[in-house]
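Text of work04.csv, listed as CSV, C-alpha atoms and all ligand atoms:
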```csv
chain,number,residue,atom,x,y,z
A,1,MET,CA,1.7,-30.9,-4.6
A,2,HIS,CA,3.7,-28.8,-2.2
A,3,GLU,CA,2.3,-31.3,0.3
A,4,TRP,CA,5.5,-33.3,-0.5
A,5,ALA,CA,7.7,-30.6,1.1
A,6,LEU,CA,5.8,-30.7,4.3
A,7,ALA,CA,5.6,-34.5,4.3
A,8,GLU,CA,9.3,-34.6,4.0
A,9,SER,CA,9.6,-32.4,7.1
A,10,VAL,CA,7.5,-34.8,9.1
A,11,ILE,CA,9.7,-37.7,8.1
A,12,ARG,CA,12.8,-35.8,9.0
A,13,LYS,CA,11.4,-34.7,12.4
A,14,ALA,CA,10.3,-38.2,13.2
A,15,ALA,CA,13.7,-39.6,12.4
A,16,GLU,CA,15.3,-36.8,14.5
A,17,TYR,CA,13.0,-37.5,17.4
A,18,ALA,CA,13.7,-41.3,17.2
A,19,ALA,CA,17.4,-40.7,17.3
A,20,ARG,CA,17.1,-38.3,20.2
A,21,GLU,CA,14.9,-40.7,22.2
A,22,LYS,CA,17.0,-43.7,21.2
A,23,LEU,CA,14.1,-45.4,19.5
A,24,SER,CA,15.2,-48.3,17.3
A,25,SER,CA,11.9,-48.4,15.5
A,26,VAL,CA,8.9,-46.1,15.2
A,27,SER,CA,5.5,-47.8,14.8
A,28,GLU,CA,3.2,-44.8,14.5
A,29,VAL,CA,3.4,-41.1,13.9
A,30,GLY,CA,0.2,-39.0,14.4
A,31,VAL,CA,0.1,-35.9,12.3
A,32,SER,CA,-2.6,-33.3,12.5
A,33,LEU,CA,-3.5,-31.2,9.5
A,34,GLY,CA,-4.9,-27.7,10.2
A,35,GLU,CA,-8.1,-26.8,8.6
A,36,LEU,CA,-6.8,-23.3,7.7
A,37,GLN,CA,-3.9,-24.6,5.5
A,38,ALA,CA,-6.2,-27.1,3.8
A,39,ILE,CA,-3.5,-29.6,3.0
A,40,ASP,CA,-4.7,-32.3,0.6
A,41,ARG,CA,-4.9,-35.4,2.8
A,42,LYS,CA,-4.6,-37.9,0.1
A,43,ILE,CA,-1.5,-36.4,-1.5
A,44,PHE,CA,0.0,-35.9,1.9
A,45,SER,CA,-0.4,-39.5,3.0
A,46,PHE,CA,0.8,-40.8,-0.3
A,47,ALA,CA,3.9,-38.5,0.0
A,48,LEU,CA,4.6,-39.8,3.5
A,49,GLN,CA,4.4,-43.5,2.4
A,50,GLU,CA,6.7,-42.8,-0.6
A,51,LEU,CA,9.2,-40.7,1.3
A,52,VAL,CA,9.5,-43.1,4.3
A,53,LYS,CA,10.9,-45.8,2.0
A,54,SER,CA,14.1,-43.9,1.5
A,55,SER,CA,14.3,-42.7,5.1
A,56,PHE,CA,15.9,-44.1,8.2
A,57,LYS,CA,15.4,-47.9,8.6
A,58,GLY,CA,13.6,-47.6,11.9
A,59,LEU,CA,10.8,-45.8,10.2
A,60,SER,CA,10.2,-48.4,7.5
A,61,CYS,CA,7.2,-50.1,9.3
A,62,CYS,CA,5.8,-46.8,10.5
A,63,LYS,CA,2.1,-46.1,10.1
A,64,PHE,CA,0.9,-42.5,9.8
A,65,ARG,CA,-2.3,-41.5,11.5
A,66,ILE,CA,-3.6,-38.3,10.0
A,67,LEU,CA,-5.8,-36.3,12.3
A,68,LYS,CA,-8.0,-33.3,11.6
A,69,ASP,CA,-7.4,-30.1,13.4
A,70,PRO,CA,-10.4,-27.7,13.1
A,71,ALA,CA,-9.4,-24.0,12.9
A,72,ALA,CA,-10.3,-21.6,15.7
A,73,PHE,CA,-9.7,-17.9,15.9
A,74,LYS,CA,-9.9,-15.3,18.6
A,75,CYS,CA,-9.9,-11.6,17.9
A,76,LYS,CA,-7.3,-9.6,19.7
A,77,ALA,CA,-9.3,-6.4,19.4
A,78,CYS,CA,-12.8,-7.5,20.6
A,79,SER,CA,-12.1,-11.0,22.0
A,80,LYS,CA,-14.7,-12.6,19.6
A,81,GLU,CA,-14.1,-16.3,19.0
A,82,PHE,CA,-14.9,-17.6,15.6
A,83,THR,CA,-14.4,-20.5,13.2
A,84,LEU,CA,-13.3,-20.8,9.5
A,85,LYS,CA,-16.9,-21.5,8.3
A,86,VAL,CA,-18.0,-17.9,8.9
A,87,LEU,CA,-15.1,-16.4,6.9
A,88,LYS,CA,-15.4,-15.6,3.2
A,89,ARG,CA,-12.4,-15.9,0.9
A,90,THR,CA,-11.9,-16.2,-2.8
A,91,ASP,CA,-10.2,-19.3,-4.3
A,92,GLU,CA,-7.1,-17.3,-4.9
A,93,GLU,CA,-7.0,-16.1,-1.3
A,94,ALA,CA,-7.5,-19.7,-0.1
A,95,GLU,CA,-4.7,-20.9,-2.3
A,96,ASN,CA,-2.3,-18.2,-0.8
A,97,ILE,CA,-3.3,-19.2,2.7
A,98,HIS,CA,-2.7,-22.9,1.7
A,99,PHE,CA,1.0,-21.9,0.9
A,100,ILE,CA,1.5,-19.6,3.9
A,101,PRO,CA,-1.3,-19.8,6.5
A,102,GLU,CA,-0.2,-16.4,7.9
A,103,MET,CA,-1.7,-14.8,4.8
A,104,ALA,CA,-5.0,-15.3,6.7
A,105,HIS,CA,-4.1,-12.0,8.3
A,106,ALA,CA,-4.1,-10.3,4.9
A,107,PHE,CA,-7.4,-11.7,3.7
A,108,LEU,CA,-9.6,-12.6,6.7
A,109,LYS,CA,-11.2,-10.3,9.3
A,110,CYS,CA,-12.9,-10.7,12.6
A,111,PRO,CA,-16.6,-11.2,11.8
A,112,LYS,CA,-17.6,-8.9,14.6
A,113,CYS,CA,-15.2,-5.9,14.4
A,114,LYS,CA,-13.4,-6.5,11.1
A,115,SER,CA,-9.9,-6.4,12.6
A,116,PRO,CA,-7.2,-8.5,11.0
A,117,ASP,CA,-5.5,-8.7,14.4
A,118,PHE,CA,-6.8,-12.1,15.5
A,119,GLU,CA,-5.0,-15.1,16.9
A,120,ILE,CA,-5.0,-18.5,15.2
A,121,MET,CA,-5.8,-20.6,18.3
A,122,ALA,CA,-5.9,-23.9,16.5
A,123,GLY,CA,-5.8,-25.6,13.1
A,124,ARG,CA,-3.0,-23.6,11.5
A,125,GLY,CA,-0.9,-26.2,9.7
A,126,VAL,CA,1.0,-29.4,10.0
A,127,SER,CA,1.9,-30.6,13.5
A,128,ILE,CA,3.2,-33.9,14.9
A,129,LYS,CA,0.9,-35.1,17.8
A,130,HIS,CA,2.5,-38.4,18.8
A,131,ILE,CA,5.4,-40.6,17.9
A,132,ARG,CA,5.2,-44.3,19.2
A,133,GLY,CA,8.0,-46.7,19.0
A,134,GLY,CA,10.3,-49.1,20.8
A,135,ARG,CA,13.9,-49.0,22.0
B,1,MET,CA,0.1,-35.5,23.7
B,2,ILE,CA,3.0,-33.7,22.2
B,3,SER,CA,2.9,-31.0,19.6
B,4,LEU,CA,6.1,-30.9,17.4
B,5,ASP,CA,6.6,-28.5,14.6
B,6,PRO,CA,8.1,-30.7,11.9
B,7,ARG,CA,9.1,-27.8,9.5
B,8,PRO,CA,12.5,-26.7,10.9
B,9,ALA,CA,13.8,-30.3,10.5
B,10,VAL,CA,13.7,-29.9,6.7
B,11,ILE,CA,15.2,-26.4,6.4
B,12,GLY,CA,18.8,-27.7,6.4
B,13,THR,CA,17.9,-30.0,3.5
B,14,ARG,CA,16.3,-27.2,1.5
B,15,LEU,CA,19.5,-25.0,1.9
B,16,SER,CA,22.0,-27.8,1.6
B,17,LYS,CA,23.0,-27.1,-2.0
B,18,ILE,CA,23.7,-23.4,-1.4
B,19,LYS,CA,27.3,-22.5,-1.2
B,20,ARG,CA,27.0,-19.1,0.5
B,21,ILE,CA,24.1,-17.3,2.2
B,22,ILE,CA,24.3,-13.5,2.6
B,23,ALA,CA,21.8,-11.6,4.7
B,24,VAL,CA,21.7,-7.9,3.8
B,25,THR,CA,20.8,-6.2,7.1
B,26,GLY,CA,20.6,-2.7,8.6
B,27,TRP,CA,18.9,-1.5,11.7
B,28,LYS,CA,17.0,1.4,10.2
B,29,GLY,CA,14.4,1.6,7.5
B,30,GLY,CA,14.8,3.4,4.2
B,31,ILE,CA,18.6,3.1,4.1
B,32,GLY,CA,18.8,1.0,0.9
B,33,LYS,CA,18.8,-2.6,2.1
B,34,SER,CA,16.3,-3.7,-0.5
B,35,VAL,CA,18.0,-2.0,-3.5
B,36,THR,CA,21.4,-3.3,-2.2
B,37,ALA,CA,20.1,-6.9,-1.8
B,38,SER,CA,18.3,-6.9,-5.2
B,39,THR,CA,21.1,-5.3,-7.1
B,40,LEU,CA,23.7,-7.6,-5.5
B,41,ALA,CA,21.7,-10.6,-6.6
B,42,LEU,CA,21.5,-9.2,-10.2
B,43,LEU,CA,25.2,-8.5,-10.3
B,44,LEU,CA,26.0,-12.1,-9.1
B,45,ALA,CA,23.6,-13.6,-11.6
B,46,LYS,CA,25.1,-11.4,-14.4
B,47,ARG,CA,28.5,-13.0,-13.6
B,48,GLY,CA,27.0,-16.4,-14.3
B,49,LEU,CA,26.7,-17.4,-10.7
B,50,LYS,CA,23.7,-19.4,-9.6
B,51,THR,CA,21.9,-16.9,-7.4
B,52,GLY,CA,18.7,-16.7,-5.3
B,53,LEU,CA,17.1,-13.8,-3.6
B,54,LEU,CA,14.7,-14.2,-0.7
B,55,ASP,CA,12.7,-11.2,0.6
B,56,LEU,CA,12.1,-11.7,4.3
B,57,ASP,CA,10.8,-8.2,5.0
B,58,LEU,CA,7.3,-9.4,5.3
B,59,ALA,CA,5.7,-6.0,6.2
B,60,GLY,CA,7.8,-4.0,3.8
B,61,ALA,CA,8.4,-6.5,0.9
B,62,SER,CA,10.0,-4.4,-1.9
B,63,ASP,CA,12.3,-6.6,-4.0
B,64,HIS,CA,9.4,-7.7,-6.3
B,65,ILE,CA,9.1,-4.0,-7.3
B,66,VAL,CA,12.8,-3.5,-7.7
B,67,LEU,CA,13.0,-6.5,-10.0
B,68,GLY,CA,9.7,-6.0,-11.7
B,69,THR,CA,8.1,-9.4,-11.2
B,70,ASN,CA,4.6,-8.8,-12.5
B,71,GLY,CA,2.7,-11.9,-13.5
B,72,LEU,CA,5.3,-14.3,-12.0
B,73,PHE,CA,4.4,-17.0,-9.4
B,74,PRO,CA,6.4,-19.9,-7.9
B,75,LYS,CA,5.8,-23.2,-9.5
B,76,GLU,CA,4.2,-25.8,-7.3
B,77,MET,CA,6.2,-29.0,-7.5
B,78,MET,CA,7.5,-31.0,-4.6
B,79,GLY,CA,7.4,-27.6,-2.8
B,80,LEU,CA,7.6,-24.2,-4.4
B,81,GLU,CA,10.1,-23.5,-7.1
B,82,PRO,CA,11.0,-19.8,-7.2
B,83,PRO,CA,10.5,-18.1,-10.5
B,84,MET,CA,13.5,-16.9,-12.4
B,85,VAL,CA,13.9,-13.1,-12.8
B,86,TYR,CA,16.9,-12.0,-14.8
B,87,GLY,CA,18.8,-15.1,-13.8
B,88,VAL,CA,17.8,-14.7,-10.1
B,89,LYS,CA,15.6,-17.3,-8.4
B,90,PHE,CA,13.3,-15.1,-6.5
B,91,MET,CA,11.0,-15.8,-3.5
B,92,SER,CA,8.9,-13.3,-1.6
B,93,VAL,CA,5.8,-13.2,0.5
B,94,ALA,CA,4.6,-10.6,-2.0
B,95,PHE,CA,3.6,-13.6,-4.3
B,96,PHE,CA,1.0,-14.6,-1.8
B,97,SER,CA,-0.4,-11.3,-0.4
B,98,SER,CA,-2.1,-9.9,-3.5
B,99,ASN,CA,-0.6,-6.5,-2.8
B,100,LYS,CA,-2.4,-6.3,0.5
B,101,ALA,CA,-0.9,-5.4,3.9
B,102,VAL,CA,0.1,-8.4,6.0
B,103,PRO,CA,-0.3,-7.4,9.6
B,104,LEU,CA,1.6,-10.0,11.5
B,105,ARG,CA,2.6,-10.2,15.2
B,106,GLY,CA,6.1,-11.6,16.0
B,107,ALA,CA,5.1,-15.3,16.4
B,108,ASN,CA,3.3,-15.1,13.1
B,109,VAL,CA,6.3,-13.6,11.4
B,110,SER,CA,8.4,-16.6,12.6
B,111,ASP,CA,5.7,-19.0,11.4
B,112,ALA,CA,5.6,-17.5,8.0
B,113,ILE,CA,9.4,-17.5,7.6
B,114,ILE,CA,9.7,-21.1,8.7
B,115,GLU,CA,7.0,-22.0,6.3
B,116,MET,CA,8.8,-20.3,3.4
B,117,LEU,CA,12.1,-21.9,4.3
B,118,ALA,CA,10.5,-25.3,4.6
B,119,ILE,CA,8.7,-25.3,1.2
B,120,THR,CA,11.0,-23.4,-1.1
B,121,GLN,CA,13.1,-25.6,-3.3
B,122,TRP,CA,16.1,-23.5,-4.2
B,123,GLY,CA,18.1,-26.3,-5.7
B,124,GLU,CA,21.8,-25.7,-6.3
B,125,LEU,CA,23.0,-22.1,-5.8
B,126,ASP,CA,26.3,-20.3,-5.5
B,127,PHE,CA,24.7,-17.5,-3.5
B,128,LEU,CA,21.4,-16.9,-1.7
B,129,VAL,CA,20.9,-13.2,-0.8
B,130,ILE,CA,18.4,-12.5,1.9
B,131,ASP,CA,16.8,-9.1,2.2
B,132,MET,CA,16.1,-8.5,5.9
B,133,PRO,CA,13.6,-6.3,7.6
B,134,PRO,CA,15.1,-3.4,9.6
B,135,GLY,CA,16.4,-4.2,13.1
B,136,ILE,CA,16.9,-7.3,15.2
B,137,ASN,CA,13.5,-8.9,15.6
B,138,ASP,CA,11.8,-12.3,15.0
B,139,ALA,CA,12.9,-12.4,11.4
B,140,ALA,CA,16.6,-11.7,12.2
B,141,LEU,CA,16.8,-14.0,15.1
B,142,ASP,CA,15.1,-16.8,13.2
B,143,VAL,CA,17.5,-16.4,10.3
B,144,ILE,CA,20.4,-16.6,12.7
B,145,ARG,CA,18.9,-19.6,14.5
B,146,LEU,CA,17.7,-21.6,11.5
B,147,ILE,CA,20.4,-20.7,9.0
B,148,PRO,CA,23.6,-20.9,11.0
B,149,GLN,CA,25.8,-20.5,7.9
B,150,THR,CA,24.5,-16.9,7.3
B,151,GLU,CA,27.0,-14.1,6.7
B,152,VAL,CA,25.9,-10.6,7.3
B,153,LEU,CA,26.4,-7.7,4.9
B,154,ALA,CA,25.3,-4.6,6.9
B,155,VAL,CA,24.0,-1.4,5.3
B,156,THR,CA,24.1,2.0,6.9
B,157,THR,CA,23.8,5.6,5.8
B,158,SER,CA,26.4,8.3,6.8
B,159,SER,CA,24.1,9.7,9.5
B,160,VAL,CA,25.6,9.6,13.0
B,161,LEU,CA,22.3,8.0,14.2
B,162,ALA,CA,22.7,5.2,11.7
B,163,HIS,CA,26.3,4.7,12.6
B,164,SER,CA,25.5,4.5,16.3
B,165,VAL,CA,22.8,1.9,15.7
B,166,LEU,CA,25.1,0.0,13.3
B,167,GLU,CA,27.8,-0.2,16.0
B,168,ARG,CA,25.4,-1.8,18.4
B,169,SER,CA,24.3,-4.3,15.7
B,170,LEU,CA,28.0,-5.3,15.0
B,171,ASP,CA,28.6,-5.9,18.7
B,172,LEU,CA,25.5,-8.2,18.8
B,173,TYR,CA,26.5,-10.1,15.6
B,174,ASN,CA,29.9,-10.6,17.3
B,175,ASP,CA,28.3,-12.0,20.5
B,176,LEU,CA,26.1,-14.2,18.4
B,177,LYS,CA,29.1,-15.4,16.4
B,178,VAL,CA,27.6,-14.3,13.1
B,179,PRO,CA,30.3,-13.4,10.6
B,180,VAL,CA,30.1,-9.9,9.1
B,181,LEU,CA,31.4,-9.6,5.6
B,182,GLY,CA,31.5,-5.8,5.9
B,183,VAL,CA,29.5,-2.6,6.2
B,184,ILE,CA,28.3,-0.6,3.2
B,185,GLU,CA,27.7,3.1,3.6
B,186,ASN,CA,24.9,4.0,1.3
B,187,MET,CA,23.9,7.4,0.0
B,188,SER,CA,27.2,8.5,1.3
B,189,GLY,CA,27.2,12.2,1.9
B,190,ARG,CA,29.3,13.2,4.9
B,191,GLU,CA,33.0,13.6,4.5
B,192,GLY,CA,35.2,11.4,6.8
B,193,GLY,CA,33.8,9.4,9.7
B,194,ARG,CA,33.7,6.1,8.0
B,195,PRO,CA,31.6,3.4,9.7
B,196,LYS,CA,33.3,0.6,11.5
B,197,ASN,CA,34.3,-2.3,9.2
B,198,CYS,CA,33.6,-0.3,6.1
B,199,ALA,CA,33.7,-2.3,2.9
B,200,GLY,CA,32.9,0.7,0.7
B,201,ARG,CA,30.5,3.5,-0.1
B,202,LEU,CA,27.6,3.8,-2.5
B,203,ARG,CA,26.9,7.3,-4.0
B,204,TYR,CA,23.6,8.9,-3.9
B,205,ASP,CA,22.4,8.2,-7.4
B,206,ALA,CA,19.5,10.3,-8.7
B,207,GLY,CA,19.1,7.9,-11.6
B,208,LEU,CA,18.3,4.9,-9.4
B,209,GLU,CA,14.6,5.6,-8.7
B,210,ALA,CA,13.7,5.7,-12.4
B,211,ALA,CA,15.5,2.4,-13.0
B,212,LEU,CA,13.5,0.5,-10.4
B,213,GLY,CA,11.4,-2.3,-11.9
B,214,ASP,CA,13.9,-2.8,-14.8
B,215,PRO,CA,17.0,-4.9,-14.0
B,216,ASP,CA,18.8,-3.8,-17.2
B,217,LYS,CA,18.5,-0.2,-16.2
B,218,ILE,CA,19.5,-1.0,-12.6
B,219,LEU,CA,22.7,-2.7,-13.7
B,220,MET,CA,23.6,0.5,-15.7
B,221,THR,CA,23.2,2.8,-12.7
B,222,LYS,CA,26.1,4.4,-10.8
B,223,PHE,CA,24.7,2.7,-7.8
B,224,ALA,CA,25.2,-0.8,-9.4
B,225,GLN,CA,28.7,0.2,-10.5
B,226,ASP,CA,29.7,1.2,-7.0
B,227,LEU,CA,28.1,-2.0,-5.5
B,228,ARG,CA,29.9,-4.2,-8.1
B,229,LYS,CA,33.3,-2.9,-6.8
B,230,ILE,CA,32.4,-3.6,-3.2
B,231,ALA,CA,31.0,-7.1,-4.1
B,232,VAL,CA,34.1,-8.0,-6.0
B,233,ALA,CA,36.3,-7.0,-3.0
B,234,ILE,CA,34.3,-8.6,-0.2
B,235,LEU,CA,33.5,-11.8,-2.1
B,236,LYS,CA,37.0,-12.0,-3.4
B,237,MET,CA,35.9,-12.3,-7.0
B,238,ARG,CA,37.9,-11.2,-10.0
C,301,LIG,N1,22.3,5.2,-3.3
C,301,LIG,C1,21.1,5.5,-3.5
C,301,LIG,N2,20.8,6.5,-4.4
C,301,LIG,C2,19.5,6.9,-4.7
C,301,LIG,N3,18.4,6.4,-4.1
C,301,LIG,C3,18.6,5.4,-3.2
C,301,LIG,C4,19.9,4.9,-2.9
C,301,LIG,N4,19.8,3.9,-2.0
C,301,LIG,C5,18.5,3.8,-1.8
C,301,LIG,N5,17.8,4.7,-2.5
C,301,LIG,C6,16.3,4.8,-2.5
C,301,LIG,O1,15.8,4.9,-1.2
C,301,LIG,C7,14.6,4.2,-1.0
C,301,LIG,C8,14.7,3.2,0.1
C,301,LIG,O2,15.5,2.2,-0.2
C,301,LIG,P1,15.2,0.7,0.2
C,301,LIG,O3,16.2,-0.2,-0.5
C,301,LIG,O4,13.8,0.3,0.1
C,301,LIG,O5,15.5,0.8,1.8
C,301,LIG,P2,15.3,-0.3,3.0
C,301,LIG,O6,15.2,-1.6,2.3
C,301,LIG,O7,16.5,-0.2,3.8
C,301,LIG,O8,14.1,0.1,3.7
C,301,LIG,C9,14.3,3.6,-2.4
C,301,LIG,O9,13.4,4.4,-3.1
C,301,LIG,C10,15.6,3.5,-3.1
C,301,LIG,O10,15.5,3.6,-4.5
C,302,MG,MG,13.6,-3.1,2.5
C,303,ZN,ZN,-13.0,-8.4,16.6
```
Take the structure in this file and express it as structure tokens.
Ligand SMILES: Nc1ncnc2c1ncn2[C@@H]1O[C@H](COP(=O)(O)OP(=O)(O)O)[C@@H](O)[C@H]1O
Ligand SMILES: [Mg+2]
Ligand SMILES: [Zn+2]
Amino acid sequence: MHEWALAESVIRKAAEYAAREKLSSVSEVGVSLGELQAIDRKIFSFALQELVKSSFKGLSCCKFRILKDPAAFKCKACSKEFTLKVLKRTDEEAENIHFIPEMAHAFLKCPKCKSPDFEIMAGRGVSIKHIRGGR
Amino acid sequence: MISLDPRPAVIGTRLSKIKRIIAVTGWKGGIGKSVTASTLALLLAKRGLKTGLLDLDLAGASDHIVLGTNGLFPKEMMGLEPPMVYGVKFMSVAFFSSNKAVPLRGANVSDAIIEMLAITQWGELDFLVIDMPPGINDAALDVIRLIPQTEVLAVTTSSVLAHSVLERSLDLYNDLKVPVLGVIENMSGREGGRPKNCAGRLRYDAGLEAALGDPDKILMTKFAQDLRKIAVAILKMR
């Protein structure tokens, strides 16, 4: 459900971008959802569709394209690259990561050397990948 | 292809119904920032003011221990609604870390702070008190950048080292045009030599440690009495 808060940020950012780029209407916004944060795609798209109704007019016909962003990690200690599949976590840990993805560093470790000092190379959270519209 | 972070765009909305935001800062560790921030929030709430407390010291989160928040967790609604502790709406990374260390590099600290600011629904508040990590680092620079209405309440001890670091911090806040409400000298021991911009002093209170975790007891300490006087003066309350 906190998906709504992030959906609202996408709408605000798109409106801000449209204003800055002097777009009178936005036809499509591409949003990627990081695998690590595990945002509920259905709730998130529903929230976008609802929130856009009360937003800036130029966004009213906007379509949202939701893209998947697989997580990729690289260990700073031993340089090992790894994916989320190989990492174990409890439901509670996954929930905490869902709220704040950086909690990954509290609960997940490099599968090779066990260091929590890894970099999240991709698939962290919500990101806007494209905004299409006309002047 | 672009890559835009949408989260900062909603932070202003999340904070829009908050009248004043006070960041309790200090450029050394262990000087009483957390007890000052937590006790200030309790004092304000006790006066009937709508108050929030945000612990942004991700590595050294302490306010949950000062307030005694065992068993509480934010409510997931259209974001996260902070639980109420003694009339204070409280948010901390400690809710999510299961009492584990959170080893974060600078960019991760920023990301975590932006996430918290973007998803926390404070609603209407008279005051939001922010407990800052020591020093000027990603957390401090992000607060200044993302929450331009922030006012600083600086904490120092009476040590000459703390005073020296404090003076550098005040110069920087001045350059960054961040208003400083005043400086509190905590565990005041040395006679004379008040810090610059001194708003008041807090005694060393041997009873404080035993009161931690129990807001009723904290409010009865000499520490809280001293802080109440300072708060009344700097916030111009009666
Ligand atoms: N005026 C005081 N009298 C007694 N103990 C104090 C006082 N101020 C702080 N302390 C104690 O010092 C310790 C460090 O305080 P804390 O608020 O965690 O510092 P910081 O947040 O600056 O690192 C705590 O155990 C706190 O109870
Ligand atoms: Mg502290
Ligand atoms: Zn490793």
Return as a CSV table (one decimal) with C-alpha atoms, keeping the file's coordinate frame the residues belonging to chain B that are within 6 Å of chain A, counting only C-alpha atoms.
```csv
chain,number,residue,atom,x,y,z
B,1,MET,CA,0.1,-35.5,23.7
B,2,ILE,CA,3.0,-33.7,22.2
B,3,SER,CA,2.9,-31.0,19.6
B,4,LEU,CA,6.1,-30.9,17.4
B,5,ASP,CA,6.6,-28.5,14.6
B,6,PRO,CA,8.1,-30.7,11.9
B,7,ARG,CA,9.1,-27.8,9.5
B,9,ALA,CA,13.8,-30.3,10.5
B,10,VAL,CA,13.7,-29.9,6.7
B,76,GLU,CA,4.2,-25.8,-7.3
B,77,MET,CA,6.2,-29.0,-7.5
B,78,MET,CA,7.5,-31.0,-4.6
B,79,GLY,CA,7.4,-27.6,-2.8
B,96,PHE,CA,1.0,-14.6,-1.8
B,101,ALA,CA,-0.9,-5.4,3.9
B,102,VAL,CA,0.1,-8.4,6.0
B,112,ALA,CA,5.6,-17.5,8.0
B,119,ILE,CA,8.7,-25.3,1.2
```
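Listed by chain and then residue number, the contacts of ligand LIG 301 (chain C) are Gly29, Gly30, Ile31, Gly32, Lys33, Ser34, Val35, Asn186, Met187, Leu202, Arg203, Tyr204, Asp205, Ala206, Leu208, Glu209 and Phe223 of chain B (distance at most 6 Å, using all atoms listed in the file).
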Restricting it to C-alpha atoms, dump the selection as a PDB file, in the frame of the given file.
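Output file part_28.pdb follows:
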```pdb
ATOM      1  CA  GLY B  29      14.400   1.600   7.500  1.00  0.00           C
ATOM      2  CA  GLY B  30      14.800   3.400   4.200  1.00  0.00           C
ATOM      3  CA  ILE B  31      18.600   3.100   4.100  1.00  0.00           C
ATOM      4  CA  GLY B  32      18.800   1.000   0.900  1.00  0.00           C
ATOM      5  CA  LYS B  33      18.800  -2.600   2.100  1.00  0.00           C
ATOM      6  CA  SER B  34      16.300  -3.700  -0.500  1.00  0.00           C
ATOM      7  CA  VAL B  35      18.000  -2.000  -3.500  1.00  0.00           C
ATOM      8  CA  ASN B 186      24.900   4.000   1.300  1.00  0.00           C
ATOM      9  CA  MET B 187      23.900   7.400   0.000  1.00  0.00           C
ATOM     10  CA  LEU B 202      27.600   3.800  -2.500  1.00  0.00           C
ATOM     11  CA  ARG B 203      26.900   7.300  -4.000  1.00  0.00           C
ATOM     12  CA  TYR B 204      23.600   8.900  -3.900  1.00  0.00           C
ATOM     13  CA  ASP B 205      22.400   8.200  -7.400  1.00  0.00           C
ATOM     14  CA  ALA B 206      19.500  10.300  -8.700  1.00  0.00           C
ATOM     15  CA  LEU B 208      18.300   4.900  -9.400  1.00  0.00           C
ATOM     16  CA  GLU B 209      14.600   5.600  -8.700  1.00  0.00           C
ATOM     17  CA  PHE B 223      24.700   2.700  -7.800  1.00  0.00           C
TER      18      PHE B 223
END
```
Q. Which residues, written as JSON, numbers by chain, have at least one atom at most 12 Å from Asp131 of chain B, with all atoms listed in the file counted and residues fewer than 2 positions away on the same chain left out?
A. {"B": [21, 22, 23, 24, 25, 26, 32, 33, 34, 35, 36, 37, 38, 39, 40, 41, 52, 53, 54, 55, 56, 57, 58, 60, 61, 62, 63, 64, 90, 91, 92, 93, 128, 129, 133, 134, 135, 139, 140, 143, 152, 153, 154, 155]}
Would you output that residue set with C-alpha atoms, as a compact mmCIF listing (two decimals), in the frame of the given file?
```txt
# COMPACT_ATOMS: atom_id res chain seq x y z
CA ILE B 21 24.10 -17.30 2.20
CA ILE B 22 24.30 -13.50 2.60
CA ALA B 23 21.80 -11.60 4.70
CA VAL B 24 21.70 -7.90 3.80
CA THR B 25 20.80 -6.20 7.10
CA GLY B 26 20.60 -2.70 8.60
CA GLY B 32 18.80 1.00 0.90
CA LYS B 33 18.80 -2.60 2.10
CA SER B 34 16.30 -3.70 -0.50
CA VAL B 35 18.00 -2.00 -3.50
CA THR B 36 21.40 -3.30 -2.20
CA ALA B 37 20.10 -6.90 -1.80
CA SER B 38 18.30 -6.90 -5.20
CA THR B 39 21.10 -5.30 -7.10
CA LEU B 40 23.70 -7.60 -5.50
CA ALA B 41 21.70 -10.60 -6.60
CA GLY B 52 18.70 -16.70 -5.30
CA LEU B 53 17.10 -13.80 -3.60
CA LEU B 54 14.70 -14.20 -0.70
CA ASP B 55 12.70 -11.20 0.60
CA LEU B 56 12.10 -11.70 4.30
CA ASP B 57 10.80 -8.20 5.00
CA LEU B 58 7.30 -9.40 5.30
CA GLY B 60 7.80 -4.00 3.80
CA ALA B 61 8.40 -6.50 0.90
CA SER B 62 10.00 -4.40 -1.90
CA ASP B 63 12.30 -6.60 -4.00
CA HIS B 64 9.40 -7.70 -6.30
CA PHE B 90 13.30 -15.10 -6.50
CA MET B 91 11.00 -15.80 -3.50
CA SER B 92 8.90 -13.30 -1.60
CA VAL B 93 5.80 -13.20 0.50
CA LEU B 128 21.40 -16.90 -1.70
CA VAL B 129 20.90 -13.20 -0.80
CA PRO B 133 13.60 -6.30 7.60
CA PRO B 134 15.10 -3.40 9.60
CA GLY B 135 16.40 -4.20 13.10
CA ALA B 139 12.90 -12.40 11.40
CA ALA B 140 16.60 -11.70 12.20
CA VAL B 143 17.50 -16.40 10.30
CA VAL B 152 25.90 -10.60 7.30
CA LEU B 153 26.40 -7.70 4.90
CA ALA B 154 25.30 -4.60 6.90
CA VAL B 155 24.00 -1.40 5.30
```
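Residue nearest Thr83 of chain A, chosen from A:Leu108, A:Ala18, A:Leu48, A:Val29 and counting all atoms listed in the file: A:Leu108.
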Q. What's the 6 Å shell around Phe127 of chain B, counting only C-alpha atoms, without same-chain residues fewer than 2 positions away, as a list in words?
A.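 Once the adjacent positions are removed, what remains is Arg20, Ile21, Thr51 and Leu125 of chain B.
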Q: Name each residue within 9 Å of ligand ZN 303 (chain C), counting only C-alpha atoms and all ligand atoms, as a list of chain:residue names.
A: A:Lys74, A:Cys75, A:Lys76, A:Ala77, A:Cys78, A:Ser79, A:Lys80, A:Glu81, A:Lys109, A:Cys110, A:Pro111, A:Lys112, A:Cys113, A:Lys114, A:Ser115, A:Pro116, A:Asp117, A:Phe118
